[in-house]
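Written below as structure tokens is the structure these notes are about.
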Amino acid sequence: MEWEDAQDIQKDLKKVLQVLDLPYIQINRIFCYRTTGSKVRAYARTWAMPKIFQRALGIQPAYIIEVLSKHYDKLGEDDKKKVLIHELLHIPKNFSGALLPHRTRSRNLHSLANQLFKEYKKKTNKF
């Protein structure tokens, strides 16, 4: 599997965060990579830096958003934005280094991602 820095994904995340109200996201602590050669069927994955590693290494919480080139790069621009919004929603509001699951009793990440994407489209079509 090959990993490469994905500055284009970082720029897209910044655009999304300029439009949507997700003030807890620290964009400077999110690192983006594009991978090739993975057998995973996902479009993207979010990786966390668990608290034990933060403490051992003396670093602040951080996240990695990995897009899997084989699937992600074939998507249209709207679908790419949906995927990135989805990945951002895995990050908890305390930006602790933990990850949120797809579903809880009170939250469905897929529904929330669709709702935020609609908001994103509505706001970006005004410009």
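If you're wondering about the labels, chains in the structure tokens are A, B, ... by order shown, residues count from 1 in each chain, ligands from 1 in order shown.
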Can you tell me which residues surround Met1 of chain A at a distance of at most 8 Å, considering only C-alpha atoms, apart from same-chain residues fewer than 3 positions away, and format the answer as a list in words?
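Listing them by chain and then by number gives Thr35, Thr36, Gly37 and Ser38 of chain A.
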Please identify the strand (DSSP E or B) residues within segment 29-127 of chain A (assignment by DSSP from backbone atoms) and present them as a ChimeraX atom specification.
/A:30-36,44-48,63-68,103,108
Could you give me, as a PyMOL selection string, the residues within 8 Å of segment 59-72 of chain A, counting only C-alpha atoms and dropping anything in the same chain fewer than 4 positions from it?
chain A and resi 29-38+41-51+54-55+80+87+95-97
Can you pull out every residue within 9 Å of His102 of chain A, counting only C-alpha atoms, but drop anything in the same chain fewer than 3 positions away, and send it as an NGL selection string?
:A and (89-90 or 107-110)
A straight line from atom CA of Val19 of chain A to atom CA of Tyr120 of chain A spans 6.3 Å
Using only C-alpha atoms for the distances, tell me which of A:Gly76, A:Pro23, A:Trp3, A:Lys11 is nearest to Ile91 of chain A.
A:Pro23
Excluding Asp12 of chain A and any residue of its chain fewer than 2 positions from it, enumerate the residues within 12 Å of it, using only C-alpha atoms, and give them as a PDB file with N, CA and C atoms, in the first residue's frame.
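As a result, selection_26.pdb now contains:
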ATOM      1  N   ALA A   6      -1.949  14.460   0.758  1.00  0.00           N
ATOM      2  CA  ALA A   6      -3.074  14.883  -0.092  1.00  0.00           C
ATOM      3  C   ALA A   6      -3.474  16.322   0.235  1.00  0.00           C
ATOM      4  N   GLN A   7      -2.719  17.254  -0.287  1.00  0.00           N
ATOM      5  CA  GLN A   7      -3.000  18.668  -0.061  1.00  0.00           C
ATOM      6  C   GLN A   7      -4.347  19.087  -0.648  1.00  0.00           C
ATOM      7  N   ASP A   8      -4.775  18.440  -1.733  1.00  0.00           N
ATOM      8  CA  ASP A   8      -6.073  18.762  -2.323  1.00  0.00           C
ATOM      9  C   ASP A   8      -7.213  18.432  -1.360  1.00  0.00           C
ATOM     10  N   ILE A   9      -7.069  17.353  -0.616  1.00  0.00           N
ATOM     11  CA  ILE A   9      -8.079  16.979   0.370  1.00  0.00           C
ATOM     12  C   ILE A   9      -8.077  17.994   1.514  1.00  0.00           C
ATOM     13  N   GLN A  10      -6.901  18.416   1.937  1.00  0.00           N
ATOM     14  CA  GLN A  10      -6.778  19.432   2.987  1.00  0.00           C
ATOM     15  C   GLN A  10      -7.496  20.718   2.554  1.00  0.00           C
ATOM     16  N   LYS A  14     -10.846  22.499   4.231  1.00  0.00           N
ATOM     17  CA  LYS A  14     -10.879  23.911   4.637  1.00  0.00           C
ATOM     18  C   LYS A  14     -12.102  24.610   4.042  1.00  0.00           C
ATOM     19  N   LYS A  15     -12.410  24.321   2.769  1.00  0.00           N
ATOM     20  CA  LYS A  15     -13.588  24.920   2.127  1.00  0.00           C
ATOM     21  C   LYS A  15     -14.867  24.497   2.840  1.00  0.00           C
ATOM     22  N   VAL A  16     -14.962  23.228   3.155  1.00  0.00           N
ATOM     23  CA  VAL A  16     -16.144  22.714   3.864  1.00  0.00           C
ATOM     24  C   VAL A  16     -16.276  23.395   5.214  1.00  0.00           C
ATOM     25  N   LEU A  17     -15.169  23.528   5.936  1.00  0.00           N
ATOM     26  CA  LEU A  17     -15.209  24.117   7.277  1.00  0.00           C
ATOM     27  C   LEU A  17     -15.468  25.623   7.257  1.00  0.00           C
ATOM     28  N   GLN A  18     -15.183  26.286   6.141  1.00  0.00           N
ATOM     29  CA  GLN A  18     -15.501  27.704   6.014  1.00  0.00           C
ATOM     30  C   GLN A  18     -17.011  27.913   5.885  1.00  0.00           C
ATOM     31  N   VAL A  19     -17.697  26.892   5.375  1.00  0.00           N
ATOM     32  CA  VAL A  19     -19.136  26.996   5.130  1.00  0.00           C
ATOM     33  C   VAL A  19     -19.958  26.448   6.294  1.00  0.00           C
ATOM     34  N   ILE A  27      -8.416  22.300  12.099  1.00  0.00           N
ATOM     35  CA  ILE A  27      -7.934  21.873  10.782  1.00  0.00           C
ATOM     36  C   ILE A  27      -6.418  21.689  10.755  1.00  0.00           C
ATOM     37  N   CYS A  32      -4.004  14.805   5.935  1.00  0.00           N
ATOM     38  CA  CYS A  32      -4.716  14.114   4.857  1.00  0.00           C
ATOM     39  C   CYS A  32      -3.756  13.321   3.981  1.00  0.00           C
ATOM     40  N   ILE A  65      -7.184  11.870   7.892  1.00  0.00           N
ATOM     41  CA  ILE A  65      -8.239  11.486   6.959  1.00  0.00           C
ATOM     42  C   ILE A  65      -7.542  10.909   5.744  1.00  0.00           C
ATOM     43  N   GLU A  77     -17.667  15.814  -7.609  1.00  0.00           N
ATOM     44  CA  GLU A  77     -17.308  16.790  -6.566  1.00  0.00           C
ATOM     45  C   GLU A  77     -18.286  16.778  -5.391  1.00  0.00           C
ATOM     46  N   ASP A  78     -19.584  16.687  -5.666  1.00  0.00           N
ATOM     47  CA  ASP A  78     -20.564  16.661  -4.579  1.00  0.00           C
ATOM     48  C   ASP A  78     -20.377  15.433  -3.693  1.00  0.00           C
ATOM     49  N   LYS A  80     -17.673  13.733  -3.262  1.00  0.00           N
ATOM     50  CA  LYS A  80     -16.429  13.887  -2.501  1.00  0.00           C
ATOM     51  C   LYS A  80     -16.661  14.739  -1.260  1.00  0.00           C
ATOM     52  N   LYS A  81     -17.429  15.816  -1.407  1.00  0.00           N
ATOM     53  CA  LYS A  81     -17.730  16.680  -0.255  1.00  0.00           C
ATOM     54  C   LYS A  81     -18.542  15.909   0.789  1.00  0.00           C
ATOM     55  N   LYS A  82     -19.502  15.088   0.339  1.00  0.00           N
ATOM     56  CA  LYS A  82     -20.289  14.272   1.271  1.00  0.00           C
ATOM     57  C   LYS A  82     -19.388  13.337   2.061  1.00  0.00           C
ATOM     58  N   VAL A  83     -18.450  12.721   1.379  1.00  0.00           N
ATOM     59  CA  VAL A  83     -17.523  11.801   2.049  1.00  0.00           C
ATOM     60  C   VAL A  83     -16.690  12.546   3.086  1.00  0.00           C
ATOM     61  N   LEU A  84     -16.195  13.710   2.738  1.00  0.00           N
ATOM     62  CA  LEU A  84     -15.376  14.481   3.683  1.00  0.00           C
ATOM     63  C   LEU A  84     -16.191  14.942   4.891  1.00  0.00           C
ATOM     64  N   ILE A  85     -17.424  15.366   4.661  1.00  0.00           N
ATOM     65  CA  ILE A  85     -18.298  15.749   5.772  1.00  0.00           C
ATOM     66  C   ILE A  85     -18.521  14.544   6.680  1.00  0.00           C
ATOM     67  N   LEU A  88     -15.469  13.985   8.803  1.00  0.00           N
ATOM     68  CA  LEU A  88     -15.348  14.992   9.864  1.00  0.00           C
ATOM     69  C   LEU A  88     -16.284  14.690  11.034  1.00  0.00           C
TER      70      LEU A  88
END
Nearest residue to Thr124 of chain A out of A:Leu57, A:Ile25, A:Leu20, A:Leu100, using only C-alpha atoms?
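Counting only C-alpha atoms, the residue closest to Thr124 of chain A is A:Leu20.
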Please compute the atom CA of Lys93 of chain A-atom CA of Asp5 of chain A distance, one decimal, in Å.
25.6 Å
